[in-house]
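J.: Sharing structure.txt (compact mmCIF, N, CA and C atoms) below.
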# COMPACT_ATOMS: atom_id res chain seq x y z
N MET A 1093 -13.43 8.71 -91.18
CA MET A 1093 -13.47 9.99 -90.52
C MET A 1093 -14.90 10.25 -90.03
N ASN A 1094 -15.33 9.44 -89.09
CA ASN A 1094 -16.66 9.56 -88.56
C ASN A 1094 -16.63 10.43 -87.30
N ARG A 1095 -17.24 11.57 -87.38
CA ARG A 1095 -17.28 12.46 -86.22
C ARG A 1095 -18.62 12.32 -85.53
N GLY A 1096 -18.64 12.61 -84.26
CA GLY A 1096 -19.88 12.57 -83.51
C GLY A 1096 -20.78 13.75 -83.89
N PRO A 1097 -21.97 13.77 -83.35
CA PRO A 1097 -22.90 14.86 -83.68
C PRO A 1097 -22.37 16.21 -83.15
N VAL A 1098 -22.72 17.24 -83.87
CA VAL A 1098 -22.32 18.58 -83.46
C VAL A 1098 -23.15 18.97 -82.24
N ARG A 1099 -22.48 19.37 -81.20
CA ARG A 1099 -23.20 19.76 -79.99
C ARG A 1099 -23.79 21.15 -80.15
N ARG A 1100 -25.05 21.28 -79.78
CA ARG A 1100 -25.74 22.56 -79.83
C ARG A 1100 -26.31 22.82 -78.44
N PRO A 1101 -26.38 24.11 -78.07
CA PRO A 1101 -26.90 24.40 -76.73
C PRO A 1101 -28.38 24.02 -76.62
N THR A 1102 -28.75 23.62 -75.45
CA THR A 1102 -30.16 23.31 -75.23
C THR A 1102 -30.95 24.60 -75.12
N GLU A 1103 -32.24 24.47 -75.14
CA GLU A 1103 -33.09 25.66 -75.06
C GLU A 1103 -32.87 26.40 -73.75
N VAL A 1104 -32.73 25.68 -72.66
CA VAL A 1104 -32.52 26.31 -71.35
C VAL A 1104 -31.19 27.05 -71.33
N ALA A 1105 -30.15 26.44 -71.87
CA ALA A 1105 -28.85 27.09 -71.90
C ALA A 1105 -28.88 28.33 -72.79
N ALA A 1106 -29.60 28.25 -73.89
CA ALA A 1106 -29.71 29.41 -74.78
C ALA A 1106 -30.45 30.56 -74.11
N LEU A 1107 -31.52 30.24 -73.39
CA LEU A 1107 -32.27 31.29 -72.68
C LEU A 1107 -31.42 31.92 -71.58
N ARG A 1108 -30.63 31.11 -70.90
CA ARG A 1108 -29.75 31.67 -69.86
C ARG A 1108 -28.70 32.59 -70.48
N ALA A 1109 -28.16 32.20 -71.61
CA ALA A 1109 -27.15 33.04 -72.28
C ALA A 1109 -27.74 34.36 -72.72
N VAL A 1110 -28.95 34.35 -73.22
CA VAL A 1110 -29.61 35.59 -73.65
C VAL A 1110 -29.94 36.46 -72.45
N ALA A 1111 -30.31 35.84 -71.33
CA ALA A 1111 -30.70 36.60 -70.14
C ALA A 1111 -29.51 37.30 -69.49
N ARG A 1112 -28.29 36.90 -69.82
CA ARG A 1112 -27.12 37.53 -69.21
C ARG A 1112 -26.92 38.97 -69.65
N SER A 1113 -27.37 39.30 -70.85
CA SER A 1113 -27.17 40.66 -71.35
C SER A 1113 -28.52 41.35 -71.52
N ALA A 1114 -28.60 42.57 -71.03
CA ALA A 1114 -29.84 43.33 -71.15
C ALA A 1114 -29.97 43.90 -72.55
N ARG A 1115 -31.14 43.78 -73.09
CA ARG A 1115 -31.41 44.36 -74.41
C ARG A 1115 -32.40 45.50 -74.23
N PRO A 1116 -31.96 46.72 -74.48
CA PRO A 1116 -32.88 47.84 -74.30
C PRO A 1116 -34.02 47.79 -75.31
N LEU A 1117 -35.21 48.10 -74.83
CA LEU A 1117 -36.38 48.12 -75.70
C LEU A 1117 -36.57 49.51 -76.29
N PRO A 1118 -37.12 49.59 -77.47
CA PRO A 1118 -37.43 50.91 -78.04
C PRO A 1118 -38.52 51.59 -77.21
N PRO A 1119 -38.67 52.90 -77.33
CA PRO A 1119 -39.73 53.59 -76.60
C PRO A 1119 -41.11 53.04 -76.97
N PRO A 1120 -42.06 53.06 -76.04
CA PRO A 1120 -43.39 52.53 -76.33
C PRO A 1120 -44.06 53.20 -77.53
N ALA A 1121 -43.80 54.48 -77.76
CA ALA A 1121 -44.41 55.17 -78.90
C ALA A 1121 -43.99 54.52 -80.22
N VAL A 1122 -42.74 54.12 -80.30
CA VAL A 1122 -42.24 53.46 -81.52
C VAL A 1122 -42.90 52.08 -81.67
N LEU A 1123 -43.02 51.36 -80.56
CA LEU A 1123 -43.65 50.04 -80.62
C LEU A 1123 -45.11 50.15 -81.06
N PHE A 1124 -45.83 51.14 -80.52
CA PHE A 1124 -47.22 51.32 -80.92
C PHE A 1124 -47.34 51.72 -82.39
N ALA A 1125 -46.41 52.52 -82.87
CA ALA A 1125 -46.43 52.90 -84.28
C ALA A 1125 -46.25 51.67 -85.17
N HIS A 1126 -45.36 50.79 -84.78
CA HIS A 1126 -45.16 49.56 -85.54
C HIS A 1126 -46.37 48.63 -85.43
N LEU A 1127 -47.04 48.67 -84.27
CA LEU A 1127 -48.24 47.87 -84.10
C LEU A 1127 -49.33 48.33 -85.07
N VAL A 1128 -49.45 49.63 -85.29
CA VAL A 1128 -50.42 50.15 -86.26
C VAL A 1128 -50.09 49.65 -87.67
N VAL A 1129 -48.80 49.63 -87.99
CA VAL A 1129 -48.38 49.16 -89.32
C VAL A 1129 -48.71 47.67 -89.49
N THR A 1130 -48.42 46.86 -88.47
CA THR A 1130 -48.71 45.43 -88.59
C THR A 1130 -50.21 45.17 -88.67
N ASP A 1131 -50.99 46.00 -87.97
CA ASP A 1131 -52.45 45.85 -88.04
C ASP A 1131 -52.95 46.21 -89.43
N ALA A 1132 -52.40 47.27 -90.03
CA ALA A 1132 -52.82 47.66 -91.37
C ALA A 1132 -52.43 46.60 -92.40
N ALA A 1133 -51.32 45.92 -92.16
CA ALA A 1133 -50.87 44.87 -93.08
C ALA A 1133 -51.52 43.52 -92.76
N ARG A 1134 -52.35 43.49 -91.73
CA ARG A 1134 -53.02 42.26 -91.27
C ARG A 1134 -52.01 41.16 -90.96
N ASP A 1135 -50.91 41.56 -90.34
CA ASP A 1135 -49.85 40.63 -89.95
C ASP A 1135 -50.10 40.20 -88.51
N ARG A 1136 -50.77 39.06 -88.35
CA ARG A 1136 -51.14 38.61 -87.00
C ARG A 1136 -49.93 38.23 -86.16
N HIS A 1137 -48.95 37.61 -86.79
CA HIS A 1137 -47.75 37.19 -86.05
C HIS A 1137 -46.96 38.42 -85.58
N GLY A 1138 -46.81 39.40 -86.46
CA GLY A 1138 -46.12 40.63 -86.08
C GLY A 1138 -46.85 41.38 -84.98
N SER A 1139 -48.18 41.40 -85.05
CA SER A 1139 -48.97 42.06 -84.01
C SER A 1139 -48.80 41.35 -82.67
N ASN A 1140 -48.75 40.03 -82.72
CA ASN A 1140 -48.56 39.25 -81.50
C ASN A 1140 -47.20 39.55 -80.88
N LEU A 1141 -46.16 39.54 -81.71
CA LEU A 1141 -44.81 39.83 -81.20
C LEU A 1141 -44.72 41.23 -80.61
N LEU A 1142 -45.29 42.20 -81.32
CA LEU A 1142 -45.24 43.58 -80.81
C LEU A 1142 -46.06 43.74 -79.54
N GLY A 1143 -47.18 43.04 -79.45
CA GLY A 1143 -47.97 43.09 -78.22
C GLY A 1143 -47.17 42.61 -77.02
N HIS A 1144 -46.40 41.55 -77.22
CA HIS A 1144 -45.56 41.04 -76.14
C HIS A 1144 -44.42 42.03 -75.80
N ARG A 1145 -43.86 42.65 -76.82
CA ARG A 1145 -42.79 43.63 -76.56
C ARG A 1145 -43.32 44.85 -75.83
N ILE A 1146 -44.54 45.27 -76.17
CA ILE A 1146 -45.16 46.40 -75.48
C ILE A 1146 -45.42 46.05 -74.02
N ALA A 1147 -45.88 44.82 -73.78
CA ALA A 1147 -46.09 44.37 -72.40
C ALA A 1147 -44.78 44.35 -71.63
N ARG A 1148 -43.71 43.90 -72.28
CA ARG A 1148 -42.39 43.90 -71.62
C ARG A 1148 -41.93 45.31 -71.32
N ALA A 1149 -42.15 46.24 -72.28
CA ALA A 1149 -41.72 47.62 -72.07
C ALA A 1149 -42.52 48.27 -70.95
N ALA A 1150 -43.77 47.84 -70.77
CA ALA A 1150 -44.61 48.41 -69.72
C ALA A 1150 -44.32 47.78 -68.36
N GLY A 1151 -43.51 46.75 -68.35
CA GLY A 1151 -43.14 46.11 -67.08
C GLY A 1151 -44.11 45.03 -66.66
N VAL A 1152 -44.99 44.59 -67.55
CA VAL A 1152 -45.94 43.54 -67.22
C VAL A 1152 -45.21 42.22 -67.03
N LEU A 1153 -44.26 41.94 -67.91
CA LEU A 1153 -43.46 40.72 -67.83
C LEU A 1153 -42.02 41.13 -67.63
N THR A 1154 -41.48 40.84 -66.47
CA THR A 1154 -40.12 41.27 -66.18
C THR A 1154 -39.11 40.14 -66.29
N GLU A 1155 -39.54 38.91 -66.03
CA GLU A 1155 -38.62 37.80 -66.14
C GLU A 1155 -39.38 36.52 -66.46
N LEU A 1156 -38.68 35.56 -66.99
CA LEU A 1156 -39.29 34.28 -67.33
C LEU A 1156 -39.48 33.44 -66.08
N PRO A 1157 -40.62 32.77 -65.97
CA PRO A 1157 -40.79 31.86 -64.83
C PRO A 1157 -39.88 30.65 -64.97
N GLU A 1158 -39.46 30.11 -63.86
CA GLU A 1158 -38.56 28.95 -63.91
C GLU A 1158 -39.26 27.68 -63.60
Will you turn the file into structure tokens for me?

T.:
Amino acid sequence: MNRGPVRRPTEVAALRAVARSARPLPPPAVLFAHLVVTDAARDRHGSNLLGHRIARAAGVLTELPE
């Protein structure tokens, strides 16, 4: 009973699937409040993620380059 490998979507296919549905962002005030918390906790990864989400909410990054 030898089965072939389980097929998984590629990164490009996964990004396309995510791009099909809009995900509303929280208000910028909430994002900045969370940024203050991550800064107080010295969470560099969380600060980086929130910085990118704030940029997206501000309209700096609207779509992924192809």

J.: Counting only C-alpha atoms, note down every residue that has an atom within 12 Å of the point (-52.0, 46.1, -81.9) (file coordinates), as number ranges by chain.

T.: A: 1123-1147

J.: Interatomic distance between atom N of Ala1150 of chain A and atom N of Ala1114 of chain A?

T.: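 Distance reported for this atom pair: 16.1 Å.
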
J.: At what distance in Å, to one decimal, does atom CA of Gly1151 of chain A lie from atom CA of Ser1113 of chain A?

T.: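 Atom CA of Ser1113 of chain A sits 17.4 Å away from atom CA of Gly1151 of chain A.
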
J.: Among chain A, which residues carry a DSSP assignment of alpha helix (DSSP H), reported as an MDAnalysis selection string?

T.: chainID A and resid 1103:1111 1120:1132 1136:1150

J.: When you draw a straight line from atom CA of Ala1109 of chain A to atom CA of Ala1121 of chain A, how long is it in Å?

T.: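 Here the two named atoms are 28.8 Å from each other.
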
J.: Using 6 Å of padding on each side, determine the axis-aligned box around all atoms of segment 1103-1116 of chain A present in the file and give its centre and edge lengths in Å to one decimal, as JSON.

T.:
{"center_x": -30.5, "center_y": 36.2, "center_z": -72.3, "size_x": 19.1, "size_y": 35.4, "size_z": 18.1}
